[in-house]
>>> print(open('upload-v3.cif').read())   # mmCIF, C-alpha atoms
data_entry
loop_
_atom_site.label_atom_id
_atom_site.label_comp_id
_atom_site.auth_asym_id
_atom_site.auth_seq_id
_atom_site.Cartn_x
_atom_site.Cartn_y
_atom_site.Cartn_z
CA MET A 102 168.71 9.52 153.40
CA MET A 103 166.86 12.46 154.94
CA ASP A 104 164.69 12.06 157.99
CA GLU A 105 161.06 12.73 157.15
CA ASN A 106 160.52 14.77 160.34
CA VAL A 107 163.38 17.20 159.67
CA ILE A 108 163.27 20.48 157.77
CA HIS A 109 166.52 21.28 155.93
CA LEU A 110 167.06 24.55 154.10
CA THR A 111 170.17 26.21 152.73
CA ARG A 112 170.51 29.69 151.32
CA TYR A 113 173.43 31.79 150.13
CA PHE A 114 173.69 35.41 151.28
CA PRO A 115 176.17 37.94 149.83
CA HIS A 116 177.14 39.01 153.36
CA SER A 117 179.91 37.97 155.73
CA PRO A 118 179.32 35.31 158.39
CA ALA A 119 179.76 38.06 161.01
CA ARG A 120 176.80 40.02 159.61
CA ILE A 121 174.60 36.91 159.31
CA TRP A 122 175.56 35.93 162.88
CA VAL A 123 174.35 39.27 164.22
CA ALA A 124 171.04 38.86 162.36
CA LEU A 125 170.58 35.42 163.94
CA THR A 126 171.67 36.19 167.48
CA GLU A 127 170.73 39.76 168.42
CA PRO A 128 167.14 40.37 169.54
CA VAL A 129 166.76 43.69 167.73
CA HIS A 130 167.76 42.06 164.42
CA ILE A 131 166.01 38.67 164.69
CA ALA A 132 162.75 40.56 165.32
CA LYS A 133 163.12 42.25 161.93
CA TRP A 134 163.12 39.03 159.91
CA TRP A 135 161.45 36.41 162.12
CA VAL A 136 159.96 37.04 165.57
CA ALA A 137 160.68 39.00 168.72
CA GLY A 138 162.71 37.16 171.33
CA ASP A 139 165.39 37.60 173.94
CA ILE A 140 167.95 35.29 172.34
CA ARG A 141 171.64 35.44 173.29
CA PRO A 142 174.39 33.23 171.83
CA VAL A 143 175.32 31.67 175.18
CA ALA A 144 174.95 27.94 175.84
CA GLY A 145 172.35 27.38 178.54
CA HIS A 146 170.59 30.71 177.94
CA ARG A 147 166.81 30.32 178.22
CA PHE A 148 164.70 32.65 176.14
CA THR A 149 161.29 33.02 174.56
CA LEU A 150 160.18 33.71 171.01
CA ASP A 151 156.87 35.46 170.37
CA MET A 152 155.29 33.24 167.72
CA GLY A 153 152.07 35.24 167.40
CA ALA A 154 149.12 32.86 167.19
CA TRP A 155 151.37 30.03 168.47
CA GLY A 156 152.09 32.09 171.60
CA GLN A 157 155.31 32.56 173.56
CA GLN A 158 157.59 29.61 172.89
CA ALA A 159 160.28 28.67 175.37
CA CYS A 160 163.75 27.97 173.99
CA GLU A 161 167.19 27.12 175.36
CA VAL A 162 170.53 27.55 173.63
CA LEU A 163 172.18 24.13 173.42
CA ALA A 164 175.42 24.86 171.57
CA VAL A 165 177.28 27.84 170.14
CA GLU A 166 180.29 28.27 167.86
CA PRO A 167 180.48 32.03 167.24
CA GLU A 168 179.86 32.95 163.61
CA LYS A 169 179.61 29.24 162.71
CA MET A 170 176.70 27.56 164.53
CA ILE A 171 173.95 28.06 167.07
CA ALA A 172 171.51 25.33 168.14
CA TYR A 173 168.57 25.70 170.47
CA ALA A 174 165.71 23.68 171.83
CA PHE A 175 162.44 25.09 170.52
CA ALA A 176 159.24 24.65 172.55
CA PRO A 177 160.70 21.84 174.69
CA GLU A 178 157.49 21.30 176.66
CA THR A 179 155.22 21.07 173.60
CA LEU A 180 156.94 20.47 170.25
CA ASN A 181 160.29 19.43 171.68
CA THR A 182 162.21 20.28 168.51
CA THR A 183 165.69 21.61 167.85
CA ILE A 184 166.68 24.44 165.51
CA THR A 185 170.29 24.53 164.30
CA TRP A 186 171.76 27.32 162.19
CA ARG A 187 175.12 26.75 160.47
CA LEU A 188 177.12 29.45 158.71
CA GLU A 189 179.87 28.70 156.23
CA ALA A 190 181.93 31.33 154.45
CA GLU A 191 181.59 30.93 150.69
CA GLY A 192 183.26 33.30 148.28
CA ASN A 193 182.33 36.83 149.34
CA GLY A 194 179.30 35.64 151.28
CA THR A 195 177.84 33.01 153.56
CA ARG A 196 176.03 29.73 153.04
CA LEU A 197 173.41 29.58 155.80
CA SER A 198 171.87 26.22 156.64
CA LEU A 199 168.84 25.60 158.81
CA GLU A 200 167.94 22.26 160.33
CA HIS A 201 164.70 22.04 162.32
CA ARG A 202 164.36 18.52 163.69
CA GLY A 203 162.43 16.40 166.15
CA PHE A 204 158.82 16.84 165.03
CA ASP A 205 156.51 14.08 166.24
CA LEU A 206 154.56 13.43 163.06
CA ASN A 207 152.29 10.99 164.92
CA SER A 208 150.81 13.78 167.05
CA PRO A 209 148.33 16.29 165.59
CA LEU A 210 150.31 19.24 167.01
CA GLY A 211 153.62 17.90 165.73
CA LYS A 212 152.22 17.26 162.24
CA LYS A 213 150.53 20.69 162.08
CA ALA A 214 153.71 22.44 163.24
CA PHE A 215 155.87 20.49 160.78
CA ASP A 216 153.59 21.26 157.83
CA GLY A 217 153.33 24.93 158.78
CA MET A 218 157.03 25.40 159.37
CA LYS A 219 158.05 23.42 156.29
CA ASN A 220 155.95 25.82 154.22
CA GLY A 221 156.90 28.91 156.24
CA TRP A 222 160.64 28.61 156.74
CA PRO A 223 161.62 29.47 153.12
CA ALA A 224 159.86 32.85 153.36
CA VAL A 225 161.36 33.47 156.80
CA LEU A 226 164.88 32.87 155.49
CA ALA A 227 164.24 35.18 152.56
CA ARG A 228 163.51 38.00 155.03
CA ILE A 229 166.96 37.82 156.66
CA ASP A 230 168.12 40.37 154.08
CA LEU A 231 165.76 42.87 155.79
CA ALA A 232 167.86 42.70 158.93
CA ILE A 233 171.26 42.65 157.22
CA GLY A 234 170.96 46.24 156.02
CA THR A 235 170.82 47.42 159.62
CA VAL A 236 173.63 45.20 160.97
#
>>> encode(input="upload-v3.cif", output="structure tokens")
Amino acid sequence: MMDENVIHLTRYFPHSPARIWVALTEPVHIAKWWVAGDIRPVAGHRFTLDMGAWGQQACEVLAVEPEKMIAYAFAPETLNTTITWRLEAEGNGTRLSLEHRGFDLNSPLGKKAFDGMKNGWPAVLARIDLAIGTV
């Protein structure tokens, strides 16, 4: 059974896990498909993501398995959610899974963020291909 306050998405990309990893973890590349931010794949690294109208959102890397998984706290002082990316080699490409969990659906902000991100994440994932060509 799926938690109702968790966004799960999976998408196949015809690129190696190494190339997808770079798109997810290097600031110059993540800015091409999602938002600008000073992310680094190092547990404990604190960074911000520029979410436009949502402002600068604080994040902290919680766990890293190079080319396999990165998890980070997203907006811990406001939304208090966690984003986890998992990469799995599949054929000549990579199965990329996103899990965005921890939304408080009983708060207006949590519900608004959940609804917006549930609708927005599919388009964001589709844009990863924009960054791959430059990796």
>>> residues_around(input="upload-v3.cif", residues="Asp216 (chain A)", least_positions_apart="3", cutoff="10 Å", atoms="all atoms listed in the file", output="PyMOL selection string")
chain A and resi 106+108+204+206+210-213+219-221
>>> residues_around(input="upload-v3.cif", residues="Gly138 (chain A)", least_positions_apart="5", cutoff="12 Å", atoms="only C-alpha atoms", output="JSON list (two decimals) with C-alpha atoms, in the coordinates of the input")
[["chain", "number", "residue", "atom", "x", "y", "z"],
["A", 125, "LEU", "CA", 170.58, 35.42, 163.94],
["A", 126, "THR", "CA", 171.67, 36.19, 167.48],
["A", 127, "GLU", "CA", 170.73, 39.76, 168.42],
["A", 128, "PRO", "CA", 167.14, 40.37, 169.54],
["A", 129, "VAL", "CA", 166.76, 43.69, 167.73],
["A", 130, "HIS", "CA", 167.76, 42.06, 164.42],
["A", 131, "ILE", "CA", 166.01, 38.67, 164.69],
["A", 132, "ALA", "CA", 162.75, 40.56, 165.32],
["A", 133, "LYS", "CA", 163.12, 42.25, 161.93],
["A", 147, "ARG", "CA", 166.81, 30.32, 178.22],
["A", 148, "PHE", "CA", 164.70, 32.65, 176.14],
["A", 149, "THR", "CA", 161.29, 33.02, 174.56],
["A", 150, "LEU", "CA", 160.18, 33.71, 171.01],
["A", 151, "ASP", "CA", 156.87, 35.46, 170.37],
["A", 152, "MET", "CA", 155.29, 33.24, 167.72],
["A", 153, "GLY", "CA", 152.07, 35.24, 167.40],
["A", 156, "GLY", "CA", 152.09, 32.09, 171.60],
["A", 157, "GLN", "CA", 155.31, 32.56, 173.56],
["A", 158, "GLN", "CA", 157.59, 29.61, 172.89],
["A", 159, "ALA", "CA", 160.28, 28.67, 175.37],
["A", 160, "CYS", "CA", 163.75, 27.97, 173.99],
["A", 161, "GLU", "CA", 167.19, 27.12, 175.36]]
>>> closest_residue(input="upload-v3.cif", among="A:Gly192, A:Pro209, A:Gly234, A:Pro167", to="Thr179 (chain A)", atoms="only C-alpha atoms")
A:Pro209
>>> residues_around(input="upload-v3.cif", residues="Trp186 (chain A)", least_positions_apart="3", cutoff="8 Å", atoms="all atoms listed in the file", output="list in words")
Met170, Ile171, Ala172, Leu197, Ser198, Leu199 and Glu200 of chain A
>>> atom_distance(input="upload-v3.cif", atom1="CA of Asn193 (chain A)", atom2="CA of Ala232 (chain A)")
18.3 Å
>>> closest_residue(input="upload-v3.cif", among="A:Ala190, A:Ala144, A:Leu231, A:Ala119", to="Ala164 (chain A)", atoms="only C-alpha atoms")
A:Ala144
>>> atom_distance(input="upload-v3.cif", atom1="CA of Lys169 (chain A)", atom2="CA of Leu188 (chain A)")
4.7 Å
>>> atom_distance(input="upload-v3.cif", atom1="CA of Ala137 (chain A)", atom2="CA of Tyr113 (chain A)")
23.7 Å
>>> closest_atom_pairs(input="upload-v3.cif", of="region 112-208 of chain A", to="region 223-227 of chain A", cutoff="8 Å", atoms="only C-alpha atoms", output="JSON lines")
{"residue": "A:Arg112", "atom": "CA", "partner": "A:Leu226", "partner_atom": "CA", "distance": 7.7}
{"residue": "A:Trp134", "atom": "CA", "partner": "A:Val225", "partner_atom": "CA", "distance": 6.6}
{"residue": "A:Trp135", "atom": "CA", "partner": "A:Val225", "partner_atom": "CA", "distance": 6.1}
>>> build_atoms(input="upload-v3.cif", residues="region 128-139 of chain A", atoms="all heavy atoms", output="compact mmCIF listing (two decimals), keeping the file's coordinate frame")
# COMPACT_ATOMS: atom_id res chain seq x y z
N PRO A 128 168.59 40.20 169.51
CA PRO A 128 167.14 40.37 169.54
C PRO A 128 166.60 41.46 168.62
O PRO A 128 165.60 41.25 167.94
CB PRO A 128 166.86 40.70 171.01
CG PRO A 128 167.95 40.01 171.76
CD PRO A 128 169.16 40.15 170.86
N VAL A 129 167.25 42.60 168.56
CA VAL A 129 166.76 43.69 167.73
C VAL A 129 166.74 43.30 166.25
O VAL A 129 165.87 43.73 165.49
CB VAL A 129 167.55 45.00 167.96
CG1 VAL A 129 168.98 44.87 167.46
CG2 VAL A 129 166.84 46.18 167.35
N HIS A 130 167.67 42.45 165.84
CA HIS A 130 167.76 42.06 164.42
C HIS A 130 166.88 40.85 164.11
O HIS A 130 166.23 40.82 163.06
CB HIS A 130 169.21 41.80 164.04
CG HIS A 130 170.04 43.04 164.11
ND1 HIS A 130 169.83 44.13 163.30
CD2 HIS A 130 171.07 43.38 164.93
CE1 HIS A 130 170.68 45.09 163.60
NE2 HIS A 130 171.45 44.65 164.59
N ILE A 131 166.84 39.85 164.97
CA ILE A 131 166.01 38.67 164.69
C ILE A 131 164.52 39.06 164.61
O ILE A 131 163.76 38.48 163.85
CB ILE A 131 166.27 37.53 165.70
CG1 ILE A 131 165.79 36.19 165.13
CG2 ILE A 131 165.64 37.80 167.04
CD1 ILE A 131 166.24 34.98 165.94
N ALA A 132 164.14 40.09 165.36
CA ALA A 132 162.75 40.56 165.32
C ALA A 132 162.39 41.17 163.97
O ALA A 132 161.21 41.20 163.59
CB ALA A 132 162.50 41.57 166.43
N LYS A 133 163.38 41.63 163.23
CA LYS A 133 163.12 42.25 161.93
C LYS A 133 162.79 41.22 160.85
O LYS A 133 162.09 41.53 159.89
CB LYS A 133 164.32 43.09 161.49
CG LYS A 133 164.52 44.30 162.37
CD LYS A 133 165.76 45.04 161.97
CE LYS A 133 165.99 46.20 162.92
NZ LYS A 133 167.27 46.85 162.68
N TRP A 134 163.34 40.01 160.98
CA TRP A 134 163.12 39.03 159.91
C TRP A 134 162.32 37.81 160.35
O TRP A 134 161.82 37.07 159.50
CB TRP A 134 164.45 38.61 159.29
CG TRP A 134 165.39 37.92 160.22
CD1 TRP A 134 166.34 38.50 160.99
CD2 TRP A 134 165.48 36.52 160.47
NE1 TRP A 134 167.01 37.56 161.73
CE2 TRP A 134 166.50 36.32 161.42
CE3 TRP A 134 164.79 35.41 159.99
CZ2 TRP A 134 166.85 35.07 161.90
CZ3 TRP A 134 165.15 34.16 160.47
CH2 TRP A 134 166.16 33.99 161.40
N TRP A 135 162.21 37.58 161.66
CA TRP A 135 161.45 36.41 162.12
C TRP A 135 160.47 36.81 163.19
O TRP A 135 159.37 37.22 162.88
CB TRP A 135 162.41 35.31 162.57
CG TRP A 135 161.75 34.00 162.90
CD1 TRP A 135 160.53 33.56 162.44
CD2 TRP A 135 162.24 32.97 163.74
NE1 TRP A 135 160.25 32.31 162.95
CE2 TRP A 135 161.29 31.93 163.75
CE3 TRP A 135 163.40 32.81 164.48
CZ2 TRP A 135 161.47 30.76 164.47
CZ3 TRP A 135 163.58 31.65 165.20
CH2 TRP A 135 162.62 30.62 165.18
N VAL A 136 160.86 36.72 164.45
CA VAL A 136 159.96 37.04 165.57
C VAL A 136 160.76 37.71 166.68
O VAL A 136 161.98 37.58 166.76
CB VAL A 136 159.26 35.78 166.13
CG1 VAL A 136 158.33 35.17 165.10
CG2 VAL A 136 160.27 34.75 166.60
N ALA A 137 160.04 38.39 167.56
CA ALA A 137 160.68 39.00 168.72
C ALA A 137 161.09 37.91 169.71
O ALA A 137 160.37 36.91 169.88
CB ALA A 137 159.72 39.98 169.39
N GLY A 138 162.23 38.11 170.33
CA GLY A 138 162.71 37.16 171.33
C GLY A 138 163.96 37.67 172.00
O GLY A 138 164.65 38.53 171.46
N ASP A 139 164.24 37.15 173.15
CA ASP A 139 165.39 37.60 173.94
C ASP A 139 166.57 36.63 173.84
O ASP A 139 167.21 36.30 174.82
CB ASP A 139 164.99 37.86 175.39
CG ASP A 139 164.32 36.65 176.05
OD1 ASP A 139 163.78 35.78 175.33
OD2 ASP A 139 164.31 36.58 177.29
